[in-house]
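*Asks:* My structure is in protein_11.txt, and what it holds is compact mmCIF, C-alpha atoms:
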# COMPACT_ATOMS: atom_id res chain seq x y z
CA ALA A 1 0.00 0.00 0.00
CA GLU A 2 2.89 2.38 0.85
CA LEU A 3 4.42 1.85 -2.60
CA GLN A 4 1.04 2.21 -4.33
CA ILE A 5 0.49 5.55 -2.63
CA ALA A 6 4.03 6.65 -3.57
CA GLU A 7 3.22 5.89 -7.24
CA ALA A 8 -0.11 7.79 -6.91
CA VAL A 9 1.79 10.83 -5.56
CA ALA A 10 4.32 10.52 -8.44
CA LEU A 11 1.41 10.55 -10.92
CA VAL A 12 0.02 13.80 -9.45
CA ASP A 13 3.52 15.36 -9.25
CA THR A 14 3.88 14.73 -13.01
CA LEU A 15 1.18 17.35 -13.63
CA GLN A 16 2.16 21.01 -13.68
CA ASN A 17 0.51 23.18 -10.98
CA TRP A 18 -0.89 20.10 -9.16
CA THR A 19 0.21 19.60 -5.55
CA VAL A 20 -0.47 16.82 -3.08
CA LEU A 21 -1.66 18.37 0.22
CA ASP A 22 -2.20 15.14 2.15
CA LYS A 23 -2.48 11.39 1.69
CA ILE A 24 -4.12 8.53 3.55
CA ILE A 25 -4.27 4.74 3.18
CA ILE A 26 -7.80 3.42 3.64
CA PRO A 27 -9.16 -0.04 2.72
CA THR A 28 -11.62 0.07 -0.19
CA LYS A 29 -14.57 -2.10 -1.09
CA ASN A 30 -15.36 -2.97 -4.69
CA PRO A 31 -14.96 0.38 -6.58
CA ASP A 32 -17.98 -0.54 -8.77
CA LYS A 33 -20.31 -0.40 -5.77
CA LYS A 34 -22.12 2.83 -4.91
CA PHE A 35 -19.82 3.49 -1.94
CA VAL A 36 -16.10 2.75 -2.17
CA PHE A 37 -15.62 2.88 1.62
CA GLY A 38 -17.25 1.54 4.75
CA LYS A 39 -19.22 4.07 6.87
CA GLY A 40 -16.44 4.61 9.47
CA ASN A 41 -13.70 5.18 6.88
CA PHE A 42 -15.96 7.46 4.86
CA GLN A 43 -16.45 9.57 8.03
CA VAL A 44 -12.67 9.71 8.69
CA LEU A 45 -12.04 10.81 5.11
CA THR A 46 -14.82 13.43 5.15
CA GLU A 47 -13.46 15.00 8.34
CA LYS A 48 -9.91 15.04 6.89
CA ILE A 49 -11.18 16.79 3.73
CA LYS A 50 -13.13 19.40 5.75
CA LYS A 51 -9.87 20.35 7.58
CA LEU A 52 -8.11 21.22 4.30
CA PRO A 53 -9.62 24.56 3.14
CA HIS A 54 -7.33 24.87 0.07
CA LEU A 55 -8.20 21.42 -1.25
CA THR A 56 -9.67 21.42 -4.79
CA ALA A 57 -9.82 17.69 -5.61
CA VAL A 58 -9.49 14.14 -4.22
CA PHE A 59 -7.66 11.38 -6.12
CA LEU A 60 -8.81 7.84 -5.27
CA ASN A 61 -6.09 5.46 -6.40
CA VAL A 62 -8.49 2.87 -7.85
CA GLU A 63 -8.74 2.03 -11.55
CA ARG A 64 -12.27 3.33 -12.18
CA VAL A 65 -14.98 4.88 -9.98
CA SER A 66 -18.53 4.56 -11.33
CA SER A 67 -20.21 7.83 -12.33
CA LEU A 68 -22.84 7.28 -9.60
CA THR A 69 -20.15 6.94 -6.86
CA LYS A 70 -18.30 9.95 -8.25
CA LYS A 71 -21.50 12.05 -8.07
CA GLU A 72 -22.21 10.90 -4.47
CA LEU A 73 -18.65 11.62 -3.27
CA GLU A 74 -18.45 15.03 -5.00
CA GLY A 75 -21.80 15.91 -3.42
CA ALA A 76 -20.56 14.89 0.06
CA TRP A 77 -17.15 16.54 -0.16
CA GLY A 78 -17.84 19.55 -2.40
CA VAL A 79 -14.70 18.98 -4.51
CA LYS A 80 -13.82 17.13 -7.76
CA VAL A 81 -13.08 13.40 -7.46
CA PHE A 82 -10.57 11.69 -9.77
CA ASP A 83 -9.74 8.01 -10.25
CA ARG A 84 -6.60 6.46 -11.78
CA TYR A 85 -8.16 6.48 -15.26
CA THR A 86 -8.87 10.23 -15.29
CA ILE A 87 -5.47 11.15 -13.80
CA VAL A 88 -3.49 8.98 -16.26
CA LEU A 89 -5.61 10.26 -19.14
CA HIS A 90 -4.90 13.84 -18.08
CA ILE A 91 -1.13 13.12 -17.94
CA PHE A 92 -1.38 11.65 -21.45
CA ARG A 93 -3.26 14.74 -22.61
CA CYS A 94 -0.50 17.02 -21.26
CA ASN A 95 2.30 14.91 -22.82
CA ALA A 96 0.83 14.23 -26.26
CA ARG A 97 3.01 15.76 -28.96
CA THR A 98 2.02 14.11 -32.24
CA LYS A 99 -1.26 13.92 -34.09
CA GLU A 100 -1.42 10.17 -33.46
CA ALA A 101 -0.99 10.44 -29.67
CA LYS A 102 -3.68 13.15 -29.55
CA LEU A 103 -6.08 10.97 -31.55
CA GLN A 104 -5.43 7.99 -29.28
CA ILE A 105 -6.20 10.09 -26.22
CA ALA A 106 -9.41 11.37 -27.84
CA LEU A 107 -10.37 7.73 -28.41
CA ALA A 108 -9.63 6.82 -24.78
CA GLU A 109 -11.84 9.71 -23.62
CA ILE A 110 -14.97 8.32 -25.33
CA PRO A 111 -15.88 5.81 -22.52
CA LEU A 112 -15.46 8.62 -19.98
CA LEU A 113 -17.72 10.93 -21.97
CA ARG A 114 -20.32 8.14 -22.24
CA SER A 115 -20.46 7.56 -18.49
CA ASN A 116 -20.60 11.33 -17.80
CA LEU A 117 -23.48 11.55 -20.25
CA LYS A 118 -25.48 8.82 -18.47
CA ASN A 119 -24.93 10.65 -15.21
CA GLU A 120 -26.09 13.97 -16.69
CA VAL A 121 -29.21 12.40 -18.24
CA SER A 122 -30.25 10.67 -15.01
CA GLN A 123 -29.88 14.03 -13.20
CA ARG A 124 -32.04 15.80 -15.82
CA ASP A 125 -34.66 13.06 -15.58
CA GLN A 126 -34.85 13.38 -11.81
CA GLN A 127 -35.25 17.14 -12.06
CA ARG A 128 -37.86 17.10 -14.81
CA GLY A 129 -39.58 13.78 -14.22
CA GLY A 130 -38.89 11.97 -17.49
CA SER A 131 -36.83 12.38 -20.65
CA ARG A 132 -37.63 15.03 -23.25
CA TYR A 133 -37.50 14.67 -27.02
CA ILE A 134 -35.41 17.21 -28.89
CA MET A 135 -37.31 19.66 -31.11
CA GLY A 136 -39.79 17.01 -32.24
CA SER A 137 -37.01 14.93 -33.82
CA GLY A 138 -38.17 11.72 -32.13
CA GLU A 139 -34.71 11.43 -30.53
CA THR A 140 -34.14 11.80 -26.82
CA PHE A 141 -31.26 13.93 -25.56
CA LEU A 142 -29.38 10.73 -24.63
CA GLU A 143 -29.87 9.19 -28.09
CA THR A 144 -28.66 12.36 -29.84
CA GLN A 145 -25.56 12.63 -27.66
CA ASN A 146 -24.79 8.90 -28.05
CA ARG A 147 -25.08 9.19 -31.82
CA ILE A 148 -22.69 12.18 -31.83
CA LEU A 149 -20.19 10.21 -29.69
CA LYS A 150 -20.49 7.20 -32.01
CA GLU A 151 -19.79 9.38 -35.06
CA ARG A 152 -16.82 10.99 -33.27
CA GLU A 153 -15.42 7.57 -32.36
CA LEU A 154 -15.74 6.38 -35.96
CA LYS A 155 -13.97 9.52 -37.25
CA ILE A 156 -11.07 9.04 -34.80
CA ARG A 157 -10.73 5.32 -35.64
CA ASN A 158 -10.65 6.12 -39.38
CA ALA A 159 -7.99 8.81 -38.88
CA LEU A 160 -5.90 6.39 -36.78
CA GLU A 161 -6.27 3.69 -39.43
CA LYS A 162 -4.91 6.13 -42.07
CA LEU A 163 -1.89 6.84 -39.85
CA ARG A 164 -1.43 3.09 -39.24
CA ARG A 165 -1.31 2.46 -43.01
CA LYS A 166 1.20 5.30 -43.42
CA ARG A 167 3.37 3.77 -40.68
CA SER A 168 3.11 0.38 -42.34
CA LEU A 169 4.42 1.94 -45.58
CA LEU A 170 7.36 3.55 -43.72
CA ARG A 171 8.06 0.18 -42.08
CA THR A 172 8.20 -1.52 -45.49
CA GLN A 173 10.66 1.11 -46.72
CA ARG A 174 12.84 0.57 -43.64
CA ARG A 175 12.70 -3.20 -44.23
CA LYS A 176 13.92 -2.69 -47.81
CA ARG A 177 16.94 -0.80 -46.51
CA GLU A 178 17.42 -3.66 -44.04
CA PHE A 179 18.08 -1.62 -40.91
CA PRO A 180 17.64 -3.91 -37.90
CA MET A 181 15.12 -2.49 -35.40
CA ILE A 182 15.31 -2.73 -31.61
CA SER A 183 12.37 -1.91 -29.29
CA ILE A 184 13.31 -0.39 -25.95
CA MET A 185 10.56 -1.20 -23.46
CA GLY A 186 9.98 -0.98 -19.72
CA TYR A 187 7.93 0.35 -16.82
CA THR A 188 7.34 4.10 -16.96
CA ASN A 189 10.32 6.19 -15.75
CA CYS A 190 12.79 3.26 -15.86
CA GLY A 191 15.25 5.25 -18.01
CA LYS A 192 14.42 4.11 -21.59
CA THR A 193 15.02 7.50 -23.23
CA THR A 194 18.27 8.02 -21.24
CA LEU A 195 19.49 4.62 -22.42
CA ILE A 196 18.67 5.39 -26.07
CA LYS A 197 20.50 8.72 -25.74
CA ALA A 198 23.54 6.84 -24.33
CA LEU A 199 23.45 4.19 -27.08
CA THR A 200 23.02 6.63 -29.98
CA GLY A 201 24.74 9.78 -28.72
CA GLU A 202 21.72 11.75 -29.95
CA ALA A 203 22.12 15.13 -28.27
CA GLY A 204 18.57 16.28 -29.11
CA LEU A 205 17.01 13.65 -26.83
CA GLN A 206 15.96 15.23 -23.54
CA PRO A 207 14.94 12.54 -21.01
CA ARG A 208 12.56 13.76 -18.26
CA ASP A 209 12.37 12.30 -14.77
CA GLN A 210 8.61 11.79 -14.77
CA LEU A 211 5.96 9.22 -15.53
CA PHE A 212 4.83 8.90 -19.16
CA ALA A 213 7.34 11.41 -20.57
CA THR A 214 7.27 9.35 -23.83
CA LEU A 215 3.88 8.67 -25.42
CA ASP A 216 4.79 8.29 -29.05
CA VAL A 217 6.94 5.71 -30.74
CA THR A 218 10.10 7.51 -31.83
CA ALA A 219 12.98 6.04 -33.85
CA HIS A 220 16.68 6.82 -33.29
CA ALA A 221 19.68 5.60 -35.31
CA GLY A 222 22.75 4.16 -33.65
CA TYR A 223 25.75 1.91 -34.39
CA LEU A 224 26.78 -1.43 -32.91
CA PRO A 225 30.48 -2.40 -32.28
CA SER A 226 30.81 -3.81 -35.81
CA HIS A 227 29.60 -0.43 -37.25
CA MET A 228 26.24 -1.97 -38.16
CA ALA A 229 23.57 0.76 -38.29
CA VAL A 230 20.45 -0.05 -36.25
CA ILE A 231 17.26 1.79 -35.28
CA TYR A 232 16.25 2.02 -31.61
CA VAL A 233 12.51 2.46 -31.06
CA ASP A 234 11.41 4.30 -27.89
CA THR A 235 7.96 3.23 -26.65
CA ILE A 236 5.30 4.28 -24.12
CA GLY A 237 6.06 3.15 -20.55
CA PHE A 238 3.91 0.63 -18.71
CA LEU A 239 2.07 1.05 -15.41
CA THR A 240 0.44 -1.45 -13.03
CA ASP A 241 -3.38 -1.35 -13.43
CA LEU A 242 -3.14 0.86 -16.48
CA PRO A 243 -6.81 1.19 -17.42
CA HIS A 244 -7.71 -1.38 -20.06
CA SER A 245 -9.23 1.03 -22.60
CA LEU A 246 -6.12 3.23 -22.40
CA VAL A 247 -3.94 0.26 -23.30
CA GLU A 248 -6.35 -0.53 -26.14
CA SER A 249 -6.11 3.03 -27.50
CA PHE A 250 -2.33 2.79 -27.54
CA SER A 251 -2.21 -0.71 -29.03
CA ALA A 252 -1.61 0.83 -32.48
CA THR A 253 1.55 2.42 -31.10
CA LEU A 254 2.66 -0.82 -29.46
CA GLU A 255 1.90 -2.73 -32.68
CA GLU A 256 5.23 -1.42 -33.99
CA VAL A 257 7.00 -3.72 -31.49
CA ALA A 258 5.83 -6.85 -33.36
CA TYR A 259 7.84 -5.74 -36.42
CA THR A 260 11.12 -5.16 -34.61
CA ASP A 261 14.00 -7.65 -34.55
CA LEU A 262 14.74 -7.49 -30.83
CA ILE A 263 13.21 -6.26 -27.54
CA VAL A 264 15.38 -4.68 -24.85
CA HIS A 265 13.56 -4.66 -21.51
CA VAL A 266 14.86 -1.87 -19.25
CA ARG A 267 14.32 -2.12 -15.48
CA ASP A 268 14.89 0.51 -12.79
CA ILE A 269 16.69 -1.85 -10.45
CA THR A 270 16.58 0.69 -7.58
CA HIS A 271 12.77 0.67 -7.43
CA PRO A 272 11.39 -1.30 -4.45
CA GLU A 273 8.78 -2.91 -6.72
CA THR A 274 11.15 -3.74 -9.59
CA ILE A 275 10.04 -7.42 -9.65
CA LEU A 276 6.35 -6.47 -9.84
CA GLN A 277 7.20 -3.92 -12.56
CA LYS A 278 8.96 -6.66 -14.56
CA ALA A 279 5.85 -8.88 -14.27
CA THR A 280 3.63 -5.98 -15.46
CA VAL A 281 5.78 -5.36 -18.56
CA LEU A 282 6.02 -9.06 -19.45
CA SER A 283 2.27 -9.60 -19.07
CA VAL A 284 1.53 -6.64 -21.42
CA LEU A 285 4.08 -8.01 -23.93
CA LYS A 286 2.42 -11.45 -23.81
CA ASN A 287 -0.99 -9.86 -24.44
CA LEU A 288 0.32 -8.11 -27.56
CA ASN A 289 0.46 -11.48 -29.36
CA LEU A 290 4.10 -10.97 -30.30
CA PRO A 291 5.95 -13.68 -32.26
CA SER A 292 7.46 -16.23 -29.84
CA HIS A 293 11.04 -15.70 -31.15
CA LEU A 294 10.79 -12.04 -29.99
CA LEU A 295 9.61 -13.00 -26.50
CA ASP A 296 12.27 -15.71 -26.18
CA SER A 297 15.21 -13.46 -27.08
CA ILE A 298 14.47 -10.42 -24.83
CA VAL A 299 17.61 -8.66 -23.54
CA GLU A 300 17.09 -7.67 -19.91
CA VAL A 301 18.85 -4.52 -18.72
CA HIS A 302 19.17 -3.59 -15.05
CA ASN A 303 19.46 0.21 -15.17
CA LYS A 304 20.53 2.83 -12.56
CA VAL A 305 23.16 0.51 -10.99
CA ASP A 306 25.24 3.61 -10.12
CA LEU A 307 22.78 4.09 -7.23
CA ILE A 308 23.52 0.65 -5.73
CA GLU A 309 26.97 -0.25 -4.38
CA ARG A 310 28.68 -3.22 -6.11
CA TYR A 311 25.50 -4.33 -7.86
CA LYS A 312 25.51 -7.83 -9.39
CA PRO A 313 22.41 -9.10 -11.25
CA THR A 314 21.03 -12.25 -9.61
CA GLU A 315 19.10 -13.15 -12.76
CA GLU A 316 20.90 -15.08 -15.45
CA ASN A 317 21.73 -13.16 -18.66
CA ALA A 318 20.69 -9.77 -17.19
CA LEU A 319 23.08 -6.91 -17.95
CA ALA A 320 23.89 -4.23 -15.34
CA VAL A 321 24.13 -0.70 -16.77
CA SER A 322 24.01 2.93 -15.80
CA ALA A 323 22.58 4.77 -18.81
CA LEU A 324 23.37 8.08 -17.11
CA HIS A 325 27.08 7.34 -16.51
CA GLY A 326 27.70 5.01 -19.47
CA HIS A 327 28.56 2.00 -17.32
CA GLY A 328 28.06 -1.41 -19.02
CA LEU A 329 27.06 0.03 -22.41
CA GLU A 330 29.78 -1.75 -24.42
CA GLU A 331 28.70 -5.16 -23.06
CA LEU A 332 25.08 -4.27 -23.84
CA LYS A 333 25.94 -3.27 -27.44
CA GLN A 334 27.83 -6.54 -27.94
CA GLU A 335 24.87 -8.57 -26.60
CA ILE A 336 22.48 -6.62 -28.88
CA GLU A 337 24.76 -7.25 -31.87
CA LYS A 338 24.94 -10.99 -31.16
CA LYS A 339 21.14 -11.25 -30.90
CA ILE A 340 20.58 -9.05 -33.98
CA LEU A 341 22.87 -11.18 -36.17
CA THR A 342 20.87 -14.27 -35.11
CA ALA A 343 17.47 -12.59 -35.53
CA THR A 344 18.14 -11.03 -38.95
CA GLY A 345 20.25 -13.81 -40.44
CA LYS A 346 23.01 -11.30 -41.22
CA LYS A 347 26.56 -12.60 -41.52
CA ILE A 348 29.97 -11.08 -40.84
CA LEU A 349 32.29 -12.17 -43.69
CA THR A 350 35.70 -11.36 -45.09
CA ILE A 351 35.82 -11.25 -48.90
CA ASP A 352 38.79 -10.95 -51.26
CA VAL A 353 37.96 -8.49 -54.06
CA ASN A 354 39.74 -7.38 -57.23
CA LEU A 355 40.21 -3.61 -56.98
CA GLU A 356 39.75 -3.16 -60.74
CA GLY A 357 36.33 -4.85 -60.65
CA PRO A 358 32.97 -3.51 -59.36
CA GLN A 359 32.84 -5.73 -56.21
CA LEU A 360 34.00 -3.11 -53.68
CA SER A 361 31.51 -0.44 -54.79
CA TRP A 362 28.76 -3.12 -54.91
CA LEU A 363 29.55 -4.13 -51.29
CA HIS A 364 29.55 -0.50 -50.15
CA LYS A 365 26.07 -0.11 -51.64
CA GLU A 366 24.47 -3.42 -50.59
CA ALA A 367 26.21 -4.30 -47.29
CA THR A 368 27.96 -2.66 -44.32
CA VAL A 369 31.68 -2.48 -45.07
CA GLN A 370 33.65 -2.57 -41.82
CA GLU A 371 37.29 -2.78 -42.86
CA VAL A 372 39.23 -2.66 -46.13
CA GLU A 373 42.80 -3.99 -46.15
CA VAL A 374 44.44 -3.18 -49.49
CA MET A 375 47.12 -5.46 -50.93
CA PRO A 376 48.75 -3.20 -53.56
CA GLU A 377 51.21 -5.80 -54.90
CA ASP A 378 48.42 -7.93 -56.44
CA GLY A 379 45.69 -5.25 -56.87
CA THR A 380 43.28 -6.85 -54.40
CA ALA A 381 41.69 -5.95 -51.06
CA ARG A 382 40.45 -7.98 -48.14
CA VAL A 383 37.04 -6.56 -47.14
CA LYS A 384 35.21 -7.29 -43.88
CA VAL A 385 31.43 -6.85 -44.30
CA ILE A 386 28.09 -7.39 -42.57
CA ILE A 387 25.71 -8.71 -45.18
CA SER A 388 22.15 -10.03 -45.23
CA SER A 389 21.40 -13.52 -46.55
CA SER A 390 19.58 -12.11 -49.59
CA ALA A 391 22.40 -9.69 -50.51
CA PHE A 392 24.95 -12.48 -49.97
CA GLY A 393 23.01 -14.71 -52.39
CA ARG A 394 23.04 -11.92 -55.01
CA TYR A 395 26.78 -11.33 -54.48
CA LYS A 396 27.63 -15.01 -55.07
CA ASN A 397 25.56 -15.01 -58.30
CA LEU A 398 27.22 -11.84 -59.60
CA PHE A 399 30.79 -12.70 -58.56
CA PRO A 400 31.04 -16.52 -58.46
CA ASN A 401 34.88 -16.56 -58.40
CA SER A 402 35.21 -14.34 -55.32
CA LYS A 403 37.07 -15.82 -52.30
CA ILE A 404 34.95 -15.72 -49.13
CA PHE A 405 36.00 -16.40 -45.50
CA MET A 406 33.51 -16.75 -42.65
CA SER A 407 34.36 -14.57 -39.62
How does the structure come out when it is put into structure tokens?
*Replies:*
Amino acid sequence: AELQIAEAVALVDTLQNWTVLDKIIIPTKNPDKKFVFGKGNFQVLTEKIKKLPHLTAVFLNVERVSSLTKKELEGAWGVKVFDRYTIVLHIFRCNARTKEAKLQIALAEIPLLRSNLKNEVSQRDQQRGGSRYIMGSGETFLETQNRILKERELKIRNALEKLRRKRSLLRTQRRKREFPMISIMGYTNCGKTTLIKALTGEAGLQPRDQLFATLDVTAHAGYLPSHMAVIYVDTIGFLTDLPHSLVESFSATLEEVAYTDLIVHVRDITHPETILQKATVLSVLKNLNLPSHLLDSIVEVHNKVDLIERYKPTEENALAVSALHGHGLEELKQEIEKKILTATGKKILTIDVNLEGPQLSWLHKEATVQEVEVMPEDGTARVKVIISSSAFGRYKNLFPNSKIFMS
């Protein structure tokens, strides 16, 4: 409970101009019931709220509060009541940068608008004694509003589908150029963006120490020890009890993960709930219906080890790094390279080429040339390359007499 409340405070602190005045741990009943608390606890809470004159809202750290409960509590306390869904949605709203993220948030708001609408209609009906038809149209107020929401939802889904098709086209183009892709995933605020900045040296990346700083999938180019160019994909962070419809709205963003060659799972190893956070991330990944080879080859990174003295991972194959101080990055790059070569079927070869022929320029164009050792006395060069299976097949057809050595 202590850690849950700490995460709830961190969520509120993420929002500008929001301040936590006080916090309390109270057992809750089923949040779907009319009252979330027992009578005694409700009394304790009400008295606490009355003693805070500057209070403007109460955040109940439960996934969803029914609109009826919300109305009852707001009536009793005289302030706004938020649940986890509305707070997380508001953080998303503040952090959305791209058109796609904004559309996904608009889609996630629809269920909220529907339940607010039901609440409003039941209030009107109580006040007036029955529903009214609008301007003789034969439609009640509720039917009209529901129809408008349905049309809005359809519009948003169509716009998202267009963006999905566009992304699919970009993905195909990337595939043609054969850049391996690596998804960086993890619990929110585990240091994904800091790690990508460390791996790519991209100065423009500004990591923020807050929950859900990254909402959009962003791609960043980097190089592995063999000079192979790869693309690192930054993704939205995960959260325990992230409301289901929010996850659904962002599934289009997470869909990108299925098309990557490798997943790197970043963990904040200093967090007291790091094991629970790992379970949350892995359960979301399993629900994404990812290909089994992706799930079986995950690279696990224990981040922020600079904050723990002489840290040694207890889990097999986990790599200890400090993205902030650069510790352990070379080992991580080597592990990524090893897994990428397996996943993509790329090979590292040494080829003897005739410098008068077109082989060298062909290799520069179709593969990643790592080293060229020229032997001037016989007009040849020994070239070390990273090459895909398909390009290697083409090379052998074009230059059947070339000498090839496996590295």
*Asks:* Could you list, as a PyMOL selection string, every residue within 10 Å of range 361-375 of chain A, counting all atoms listed in the file and ignoring same-chain residues fewer than 2 positions away?
*Replies:* chain A and resi 177-178+226-229+346+348-355+357-359+377-388+391-392+394-395
*Asks:* Considering all atoms listed in the file, state which residue in the set A:Ile263, A:Ala106, A:Val305, A:Ala76 is at the smallest distance from His90 in chain A.
*Replies:* A:Ala106
*Asks:* Hey, which of A:Leu60, A:Asn303, A:Gln16, A:Ile308 ends up closest to His327 in chain A? Count all atoms listed in the file.
*Replies:*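 Closest residue, counting all atoms listed in the file: A:Asn303.
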*Asks:* Which residue is closest to Ile24 in chain A? Choose from A:Val12, A:Val44, A:Glu72, A:Val321 and count all atoms listed in the file.
*Replies:*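 Of all the options, A:Val44 lies closest to Ile24 in chain A.
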*Asks:* With all atoms listed in the file as the atoms that count, which of A:Gln43, A:Thr19, A:Gln104, A:Asn146 lies nearest to Thr56 in chain A?
*Replies:*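 Closest to Thr56 in chain A, using all atoms listed in the file: A:Thr19.
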*Asks:* Ranking A:Leu254, A:Met181, A:Ala323, A:Leu195 by minimum distance to Ala221 in chain A and counting only C-alpha atoms, which one comes first?
*Replies:* A:Met181
*Asks:* Please measure the separation of CA of Val81 in chain A and CA of Thr14 in chain A, giving the value in Å to one decimal.
*Replies:* 17.9 Å
*Asks:* Counting all atoms listed in the file, which residue out of A:Glu331, A:Glu109, A:Glu309, A:Asp13 sits closest to Glu153 in chain A?
*Replies:*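 Of the candidates, the smallest distance to Glu153 in chain A is held by A:Glu109.
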*Asks:* One number please: CA of Pro313 in chain A to CA of Ala343 in chain A, in Å, one decimal.
*Replies:* 25.0 Å
*Asks:* Once you count all atoms listed in the file, which residues end up no further than 10 Å from (-19.2, 11.7, -5.6) in the file's frame, shown as a PyMOL selection string?
*Replies:* chain A and resi 34-35+65-82
*Asks:* Hey, can you check how far CA of Ile110 in chain A sits from CA of Phe59 in chain A?
*Replies:*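 Separation of CA of Ile110 in chain A and CA of Phe59 in chain A: 20.8 Å.
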*Asks:* Would you mind writing range 329-340 of chain A with N, CA and C atoms, as a PDB file, keeping the file's coordinate frame?
*Replies:*
ATOM      1  N   LEU A 329      27.667  -0.152 -21.081  1.00  0.00           N
ATOM      2  CA  LEU A 329      27.060   0.030 -22.410  1.00  0.00           C
ATOM      3  C   LEU A 329      27.740  -0.807 -23.492  1.00  0.00           C
ATOM      4  N   GLU A 330      29.070  -0.977 -23.388  1.00  0.00           N
ATOM      5  CA  GLU A 330      29.780  -1.750 -24.420  1.00  0.00           C
ATOM      6  C   GLU A 330      29.324  -3.214 -24.409  1.00  0.00           C
ATOM      7  N   GLU A 331      29.183  -3.779 -23.181  1.00  0.00           N
ATOM      8  CA  GLU A 331      28.700  -5.160 -23.060  1.00  0.00           C
ATOM      9  C   GLU A 331      27.287  -5.284 -23.621  1.00  0.00           C
ATOM     10  N   LEU A 332      26.467  -4.257 -23.346  1.00  0.00           N
ATOM     11  CA  LEU A 332      25.080  -4.270 -23.840  1.00  0.00           C
ATOM     12  C   LEU A 332      25.074  -4.233 -25.371  1.00  0.00           C
ATOM     13  N   LYS A 333      25.898  -3.358 -25.964  1.00  0.00           N
ATOM     14  CA  LYS A 333      25.940  -3.270 -27.440  1.00  0.00           C
ATOM     15  C   LYS A 333      26.382  -4.597 -28.054  1.00  0.00           C
ATOM     16  N   GLN A 334      27.356  -5.249 -27.406  1.00  0.00           N
ATOM     17  CA  GLN A 334      27.830  -6.540 -27.940  1.00  0.00           C
ATOM     18  C   GLN A 334      26.732  -7.609 -27.868  1.00  0.00           C
ATOM     19  N   GLU A 335      25.977  -7.601 -26.764  1.00  0.00           N
ATOM     20  CA  GLU A 335      24.870  -8.570 -26.600  1.00  0.00           C
ATOM     21  C   GLU A 335      23.783  -8.297 -27.647  1.00  0.00           C
ATOM     22  N   ILE A 336      23.484  -7.000 -27.861  1.00  0.00           N
ATOM     23  CA  ILE A 336      22.480  -6.620 -28.880  1.00  0.00           C
ATOM     24  C   ILE A 336      22.942  -7.092 -30.246  1.00  0.00           C
ATOM     25  N   GLU A 337      24.231  -6.861 -30.557  1.00  0.00           N
ATOM     26  CA  GLU A 337      24.760  -7.250 -31.870  1.00  0.00           C
ATOM     27  C   GLU A 337      24.640  -8.761 -32.086  1.00  0.00           C
ATOM     28  N   LYS A 338      25.006  -9.530 -31.058  1.00  0.00           N
ATOM     29  CA  LYS A 338      24.940 -10.990 -31.160  1.00  0.00           C
ATOM     30  C   LYS A 338      23.510 -11.449 -31.468  1.00  0.00           C
ATOM     31  N   LYS A 339      22.551 -10.856 -30.723  1.00  0.00           N
ATOM     32  CA  LYS A 339      21.140 -11.250 -30.900  1.00  0.00           C
ATOM     33  C   LYS A 339      20.599 -10.777 -32.258  1.00  0.00           C
ATOM     34  N   ILE A 340      21.052  -9.601 -32.701  1.00  0.00           N
ATOM     35  CA  ILE A 340      20.580  -9.050 -33.980  1.00  0.00           C
ATOM     36  C   ILE A 340      21.079  -9.901 -35.152  1.00  0.00           C
TER      37      ILE A 340
END
